Structures are given as structure tokens and as C-alpha cells.
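Student: Please find my_file-v1.pdb (PDB, C-alpha atoms and all ligand atoms) on the next line:
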MODEL        1
ATOM      1  CA  MET A1079     180.024 174.226 125.435  1.00  0.00           C
ATOM      2  CA  ASP A1080     176.960 172.529 124.105  1.00  0.00           C
ATOM      3  CA  ALA A1081     175.375 174.493 121.297  1.00  0.00           C
ATOM      4  CA  ASN A1082     171.904 173.448 122.361  1.00  0.00           C
ATOM      5  CA  ILE A1083     172.447 174.932 125.774  1.00  0.00           C
ATOM      6  CA  LEU A1084     173.535 178.166 124.181  1.00  0.00           C
ATOM      7  CA  PHE A1085     170.592 178.178 121.914  1.00  0.00           C
ATOM      8  CA  GLY A1086     168.129 177.817 124.680  1.00  0.00           C
ATOM      9  CA  LEU A1087     168.165 181.584 124.440  1.00  0.00           C
ATOM     10  CA  GLY A1088     166.972 183.126 127.633  1.00  0.00           C
ATOM     11  CA  LYS A1089     166.988 179.784 129.367  1.00  0.00           C
ATOM     12  CA  VAL A1090     170.589 179.138 130.271  1.00  0.00           C
ATOM     13  CA  MET A1091     172.324 182.028 128.615  1.00  0.00           C
ATOM     14  CA  LYS A1092     170.699 185.401 128.305  1.00  0.00           C
ATOM     15  CA  GLU A1093     169.881 186.460 124.798  1.00  0.00           C
ATOM     16  CA  ASN A1094     172.039 189.564 124.911  1.00  0.00           C
ATOM     17  CA  GLU A1095     175.035 187.533 126.104  1.00  0.00           C
ATOM     18  CA  SER A1096     174.608 185.068 123.288  1.00  0.00           C
ATOM     19  CA  ARG A1097     174.272 187.883 120.779  1.00  0.00           C
ATOM     20  CA  GLU A1098     177.382 189.628 122.070  1.00  0.00           C
ATOM     21  CA  MET A1099     179.383 186.417 121.957  1.00  0.00           C
ATOM     22  CA  TYR A1100     178.521 185.837 118.332  1.00  0.00           C
ATOM     23  CA  LEU A1101     179.177 189.433 117.334  1.00  0.00           C
ATOM     24  CA  GLU A1102     182.532 189.397 119.112  1.00  0.00           C
ATOM     25  CA  VAL A1103     183.630 186.255 117.286  1.00  0.00           C
ATOM     26  CA  ILE A1104     182.468 187.591 113.914  1.00  0.00           C
ATOM     27  CA  TYR A1105     184.293 190.864 114.615  1.00  0.00           C
ATOM     28  CA  GLU A1106     187.509 188.995 115.398  1.00  0.00           C
ATOM     29  CA  LEU A1107     187.164 186.816 112.310  1.00  0.00           C
ATOM     30  CA  GLU A1108     186.528 189.887 110.134  1.00  0.00           C
ATOM     31  CA  GLN A1109     189.874 191.248 111.240  1.00  0.00           C
ATOM     32  CA  GLN A1110     191.634 188.029 110.301  1.00  0.00           C
ATOM     33  CA  GLN A1111     190.045 187.121 106.993  1.00  0.00           C
ATOM     34  CA  GLU A1112     188.356 188.805 104.092  1.00  0.00           C
ATOM     35  CA  VAL A1113     185.132 186.822 104.118  1.00  0.00           C
ATOM     36  CA  VAL A1114     183.530 185.149 107.114  1.00  0.00           C
ATOM     37  CA  HIS A1115     181.319 182.092 106.709  1.00  0.00           C
ATOM     38  CA  SER A1116     179.113 180.508 109.325  1.00  0.00           C
ATOM     39  CA  VAL A1117     181.342 177.424 109.258  1.00  0.00           C
ATOM     40  CA  ASP A1118     184.235 179.608 110.480  1.00  0.00           C
ATOM     41  CA  ILE A1119     182.095 180.768 113.365  1.00  0.00           C
ATOM     42  CA  ALA A1120     181.038 177.214 114.149  1.00  0.00           C
ATOM     43  CA  SER A1121     184.609 175.979 114.328  1.00  0.00           C
ATOM     44  CA  ARG A1122     185.816 178.979 116.315  1.00  0.00           C
ATOM     45  CA  MET A1123     183.053 178.616 118.900  1.00  0.00           C
ATOM     46  CA  ASP A1124     182.983 174.852 118.763  1.00  0.00           C
ATOM     47  CA  PHE A1125     179.248 174.861 118.076  1.00  0.00           C
ATOM     48  CA  SER A1126     177.365 172.831 115.508  1.00  0.00           C
ATOM     49  CA  LYS A1127     176.697 174.412 112.149  1.00  0.00           C
ATOM     50  CA  PRO A1128     172.892 174.250 112.489  1.00  0.00           C
ATOM     51  CA  SER A1129     173.044 176.108 115.811  1.00  0.00           C
ATOM     52  CA  VAL A1130     175.243 178.782 114.307  1.00  0.00           C
ATOM     53  CA  SER A1131     172.966 179.114 111.295  1.00  0.00           C
ATOM     54  CA  ARG A1132     169.981 179.615 113.576  1.00  0.00           C
ATOM     55  CA  ALA A1133     171.834 182.247 115.579  1.00  0.00           C
ATOM     56  CA  ILE A1134     172.978 184.018 112.416  1.00  0.00           C
ATOM     57  CA  ASN A1135     169.398 184.145 111.169  1.00  0.00           C
ATOM     58  CA  VAL A1136     168.250 185.770 114.381  1.00  0.00           C
ATOM     59  CA  LEU A1137     171.102 188.283 114.217  1.00  0.00           C
ATOM     60  CA  ARG A1138     170.204 189.026 110.605  1.00  0.00           C
ATOM     61  CA  LYS A1139     166.567 189.537 111.426  1.00  0.00           C
ATOM     62  CA  ASN A1140     167.553 191.969 114.163  1.00  0.00           C
ATOM     63  CA  GLY A1141     169.809 193.973 111.882  1.00  0.00           C
ATOM     64  CA  TYR A1142     173.208 193.025 113.306  1.00  0.00           C
ATOM     65  CA  ILE A1143     174.320 191.075 110.270  1.00  0.00           C
ATOM     66  CA  ALA A1144     173.863 192.082 106.651  1.00  0.00           C
ATOM     67  CA  HIS A1145     171.745 190.052 104.262  1.00  0.00           C
ATOM     68  CA  SER A1146     173.904 188.269 101.772  1.00  0.00           C
ATOM     69  CA  PRO A1147     172.932 185.983  98.911  1.00  0.00           C
ATOM     70  CA  TYR A1148     176.283 184.178  99.123  1.00  0.00           C
ATOM     71  CA  GLY A1149     176.027 182.958 102.665  1.00  0.00           C
ATOM     72  CA  ASP A1150     178.889 185.052 103.949  1.00  0.00           C
ATOM     73  CA  VAL A1151     178.506 186.763 107.278  1.00  0.00           C
ATOM     74  CA  ALA A1152     179.221 190.482 107.537  1.00  0.00           C
ATOM     75  CA  LEU A1153     178.390 192.815 110.384  1.00  0.00           C
ATOM     76  CA  THR A1154     176.153 195.802 109.752  1.00  0.00           C
ATOM     77  CA  GLU A1155     177.115 199.171 111.206  1.00  0.00           C
ATOM     78  CA  LYS A1156     174.864 198.429 114.189  1.00  0.00           C
ATOM     79  CA  GLY A1157     176.428 194.993 114.596  1.00  0.00           C
ATOM     80  CA  ARG A1158     179.948 196.309 114.326  1.00  0.00           C
ATOM     81  CA  GLU A1159     179.315 199.004 116.898  1.00  0.00           C
ATOM     82  CA  LEU A1160     178.102 196.537 119.491  1.00  0.00           C
ATOM     83  CA  ALA A1161     180.844 194.048 118.592  1.00  0.00           C
ATOM     84  CA  ARG A1162     183.521 196.696 118.964  1.00  0.00           C
ATOM     85  CA  ARG A1163     182.194 197.639 122.371  1.00  0.00           C
ATOM     86  CA  VAL A1164     182.306 194.022 123.556  1.00  0.00           C
ATOM     87  CA  TYR A1165     185.748 193.546 122.044  1.00  0.00           C
ATOM     88  CA  ASN A1166     187.122 196.681 123.715  1.00  0.00           C
ATOM     89  CA  THR A1167     185.658 195.593 127.035  1.00  0.00           C
ATOM     90  CA  HIS A1168     187.310 192.222 126.583  1.00  0.00           C
ATOM     91  CA  GLN A1169     190.693 193.866 125.940  1.00  0.00           C
ATOM     92  CA  LEU A1170     190.354 196.213 128.890  1.00  0.00           C
ATOM     93  CA  LEU A1171     189.382 193.468 131.331  1.00  0.00           C
ATOM     94  CA  THR A1172     192.143 191.192 130.084  1.00  0.00           C
ATOM     95  CA  ALA A1173     194.696 193.981 130.572  1.00  0.00           C
ATOM     96  CA  PHE A1174     193.405 194.624 134.068  1.00  0.00           C
ATOM     97  CA  PHE A1175     193.522 190.953 135.027  1.00  0.00           C
ATOM     98  CA  THR A1176     197.024 190.342 133.684  1.00  0.00           C
ATOM     99  CA  GLN A1177     198.726 193.664 134.508  1.00  0.00           C
ATOM    100  CA  ILE A1178     197.156 194.474 137.842  1.00  0.00           C
ATOM    101  CA  LEU A1179     195.883 191.213 139.240  1.00  0.00           C
ATOM    102  CA  LYS A1180     198.709 189.175 137.654  1.00  0.00           C
ATOM    103  CA  LEU A1181     196.362 186.437 136.483  1.00  0.00           C
ATOM    104  CA  ASP A1182     197.743 184.050 133.915  1.00  0.00           C
ATOM    105  CA  PRO A1183     196.723 185.038 130.363  1.00  0.00           C
ATOM    106  CA  GLU A1184     194.475 182.044 129.850  1.00  0.00           C
ATOM    107  CA  THR A1185     192.417 182.681 132.992  1.00  0.00           C
ATOM    108  CA  ALA A1186     192.373 186.403 132.284  1.00  0.00           C
ATOM    109  CA  GLU A1187     190.967 185.859 128.782  1.00  0.00           C
ATOM    110  CA  ALA A1188     188.385 183.349 129.916  1.00  0.00           C
ATOM    111  CA  ASP A1189     187.156 185.508 132.791  1.00  0.00           C
ATOM    112  CA  ALA A1190     187.135 188.645 130.642  1.00  0.00           C
ATOM    113  CA  CYS A1191     185.046 186.868 128.028  1.00  0.00           C
ATOM    114  CA  ARG A1192     182.370 186.026 130.578  1.00  0.00           C
ATOM    115  CA  ILE A1193     182.391 189.248 132.560  1.00  0.00           C
ATOM    116  CA  GLU A1194     182.367 191.494 129.478  1.00  0.00           C
ATOM    117  CA  HIS A1195     178.644 190.807 128.993  1.00  0.00           C
ATOM    118  CA  VAL A1196     177.501 191.838 132.441  1.00  0.00           C
ATOM    119  CA  ILE A1197     179.918 194.448 133.802  1.00  0.00           C
ATOM    120  CA  SER A1198     178.558 197.950 134.405  1.00  0.00           C
ATOM    121  CA  GLN A1199     179.745 200.994 132.501  1.00  0.00           C
ATOM    122  CA  GLN A1200     180.727 202.529 135.834  1.00  0.00           C
ATOM    123  CA  ALA A1201     183.097 199.667 136.635  1.00  0.00           C
ATOM    124  CA  LEU A1202     184.554 199.789 133.136  1.00  0.00           C
ATOM    125  CA  ASP A1203     185.174 203.501 133.364  1.00  0.00           C
ATOM    126  CA  ALA A1204     186.882 203.039 136.725  1.00  0.00           C
ATOM    127  CA  ILE A1205     189.146 200.284 135.374  1.00  0.00           C
ATOM    128  CA  GLU A1206     189.992 202.353 132.335  1.00  0.00           C
ATOM    129  CA  ALA A1207     190.846 205.380 134.471  1.00  0.00           C
ATOM    130  CA  TYR A1208     192.933 203.217 136.786  1.00  0.00           C
ATOM    131  CA  LEU A1209     194.915 201.653 133.955  1.00  0.00           C
ATOM    132  CA  GLY A1210     195.313 205.028 132.265  1.00  0.00           C
ATOM    133  CA  ALA A1211     196.641 206.720 135.387  1.00  0.00           C
ATOM    134  CA  ARG A1212     198.974 203.832 136.027  1.00  0.00           C
ATOM    135  CA  ASN A1213     200.371 203.842 132.493  1.00  0.00           C
ATOM    136  CA  GLN A1214     201.071 207.546 132.736  1.00  0.00           C
ATOM    137  CA  ALA A1215     202.924 207.251 136.020  1.00  0.00           C
TER     138      ALA A1215
HETATM  139 ZN    ZN B1301     185.388 188.210 124.869  1.00  0.00          ZN
ENDMDL
END
Would you kindly transcribe this structure into C-alpha cells?
Ligand SMILES: [Zn+2]
Tutor:
Amino acid sequence: MDANILFGLGKVMKENESREMYLEVIYELEQQQEVVHSVDIASRMDFSKPSVSRAINVLRKNGYIAHSPYGDVALTEKGRELARRVYNTHQLLTAFFTQILKLDPETAEADACRIEHVISQQALDAIEAYLGARNQA
């Protein structure tokens, strides 16, 4: 994906989707390594470093990422809460797509990662209940 397209916030990609994507990636990286740098995010998302730096600044200004003099990127409590919600949605949708719909894992992940930003809470609750009931059977 072209970073410039992403960073046309509100033009091509909605701002909240862009924000959630970044937070999700930072959340995943935080689980894998002690310190996250914007270069890690850039390589994970395949975006240019300047685009990522701009996005990080916006996230910082909005209180999702902590201010750090060392240039590392750490989620605030507010950032982590939103990131965890996106991440959990991603996991739930992926499980639904692979276990119930029998999609291949790659398609399931890719679809989950797009749908996670727009799906309603009602649909999520229904999927969760469905999977829960099925796993208890
Ligand atoms: Zn995702």
C-alpha cells in the first residue's frame, strides 16, 4: 500500500481506520519486543519512515502514544485500550472465517484486518456468541 494514500487521512482511508491500523501494529510489536521504534512500524506496514513519523506525531498529539525523548513508541493506556479492542476483533473475525467459513488463513487474516475497523458491535457480539456456543457443544 502506498503510504501517501494512507496519509491522505479522510480522503482514501478514514482517519479512525488509519489510527486503528497503527495502534494494532504497535500493540503487536509491543508483545514481540521490548522497545518499539517507528522504523519497526514502517517495515511492518511497508510504509515510508516519514509517513510513519507523521502518523506517530498525530497519534501522540491525540494521546494514544506516550511522549518519549528517545524516539521509542509506546502506547498510552488510552492507546492500548483501543489497540486491544481492534486486536481482539481481528482474532475473533479470523477465528470465524477459518473455523466456520473455512477460509484459508491468509484470506481470513486479510479480510479480518479490513473488516475489524467497520464492523458493528452487534455483529461482533453475535459472532462471539456463535463461536462460544459452538465451542461448548
Ligand atoms: Zn487486524
Student: Closest to Tyr1148 (chain A) among A:His1115, A:Arg1212, A:Glu1187, A:Glu1102, using all atoms listed in the file?
Tutor: A:His1115
Student: Determine the nearest neighbour of Gln1109 (chain A) from the options A:Leu1202, A:Asn1135, A:Arg1192, A:Leu1153, counting only C-alpha atoms.
Tutor: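 When distances to Gln1109 (chain A) are compared using only C-alpha atoms, the smallest one comes from A:Leu1153.
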Student: Between chain A and ligand ZN 1301 (chain B), at 7 Å or less, what are the per-residue closest atom pairs and their distances in Å? Count all atoms listed in the file, order by chain and rising residue number, and return it as CSV.
Tutor:
residue,atom,partner,partner_atom,distance
A:Met1099,CA,B:ZN1301,ZN,6.9
A:Glu1102,CA,B:ZN1301,ZN,6.5
A:Val1164,CA,B:ZN1301,ZN,6.7
A:Tyr1165,CA,B:ZN1301,ZN,6.0
A:His1168,CA,B:ZN1301,ZN,4.8
A:Ala1190,CA,B:ZN1301,ZN,6.0
A:Cys1191,CA,B:ZN1301,ZN,3.4
A:Arg1192,CA,B:ZN1301,ZN,6.8
A:Glu1194,CA,B:ZN1301,ZN,6.4
Student: Suppose you want the space between CA of Val1136 (chain A) and CA of Lys1092 (chain A); what is it in Å?
Tutor: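 Result for CA of Val1136 (chain A) versus CA of Lys1092 (chain A): 14.1 Å, one decimal.
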Student: Rounded to one decimal place, report the CA of Val1130 (chain A)-CA of Arg1163 (chain A) distance in Å.
Tutor: 21.7 Å
Student: What is the CA of Arg1162 (chain A) to CA of Ser1146 (chain A) distance in Å?
Tutor: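 Going from CA of Arg1162 (chain A) over to CA of Ser1146 (chain A) covers 21.4 Å.
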Student: Tell me which of A:Gln1214, A:Asn1140, A:Gln1200, A:Gln1169 sits closest to Arg1097 (chain A), counting only C-alpha atoms.
Tutor: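 Residue with the minimum atom-to-atom distance to Arg1097 (chain A): A:Asn1140.
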Student: Care to translate the PyMOL selection byres (((chain A and resi 1114) around 6) and not hetatm) into actual residues of this file, as a ChimeraX atom specification?
Tutor: /A:1113,1115,1150-1151
Student: Written as a VMD selection string, which residues does the PyMOL selection byres (((chain A and resi 1119-1128) around 7) and not hetatm) give for the file shown?
Tutor: chain A and resid 1080 to 1081 1103 to 1104 1115 to 1118 1129 to 1132
Student: When you look at Leu1137 (chain A) with a cut-off of 9 Å (counting all atoms listed in the file), what residues show up, excluding the ones that are within fewer than 5 positions of it in the same chain? I need them as a PyMOL selection string.
Tutor: chain A and resi 1097+1100-1101+1132+1142-1144+1157
Student: Quick one: which residues end up in the PyMOL selection byres (((chain A and resi 1172) around 10) and not hetatm) for this structure, as a VMD selection string?
Tutor: chain A and resid 1166 to 1171 1173 to 1179 1181 to 1191 1194
Student: Choose the residue, out of A:Leu1160, A:Ala1152, A:Ile1197, A:Leu1209, that has the smallest atom-to-atom separation from Arg1138 (chain A); count all atoms listed in the file.
Tutor: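 Residue with the minimum atom-to-atom distance to Arg1138 (chain A): A:Ala1152.
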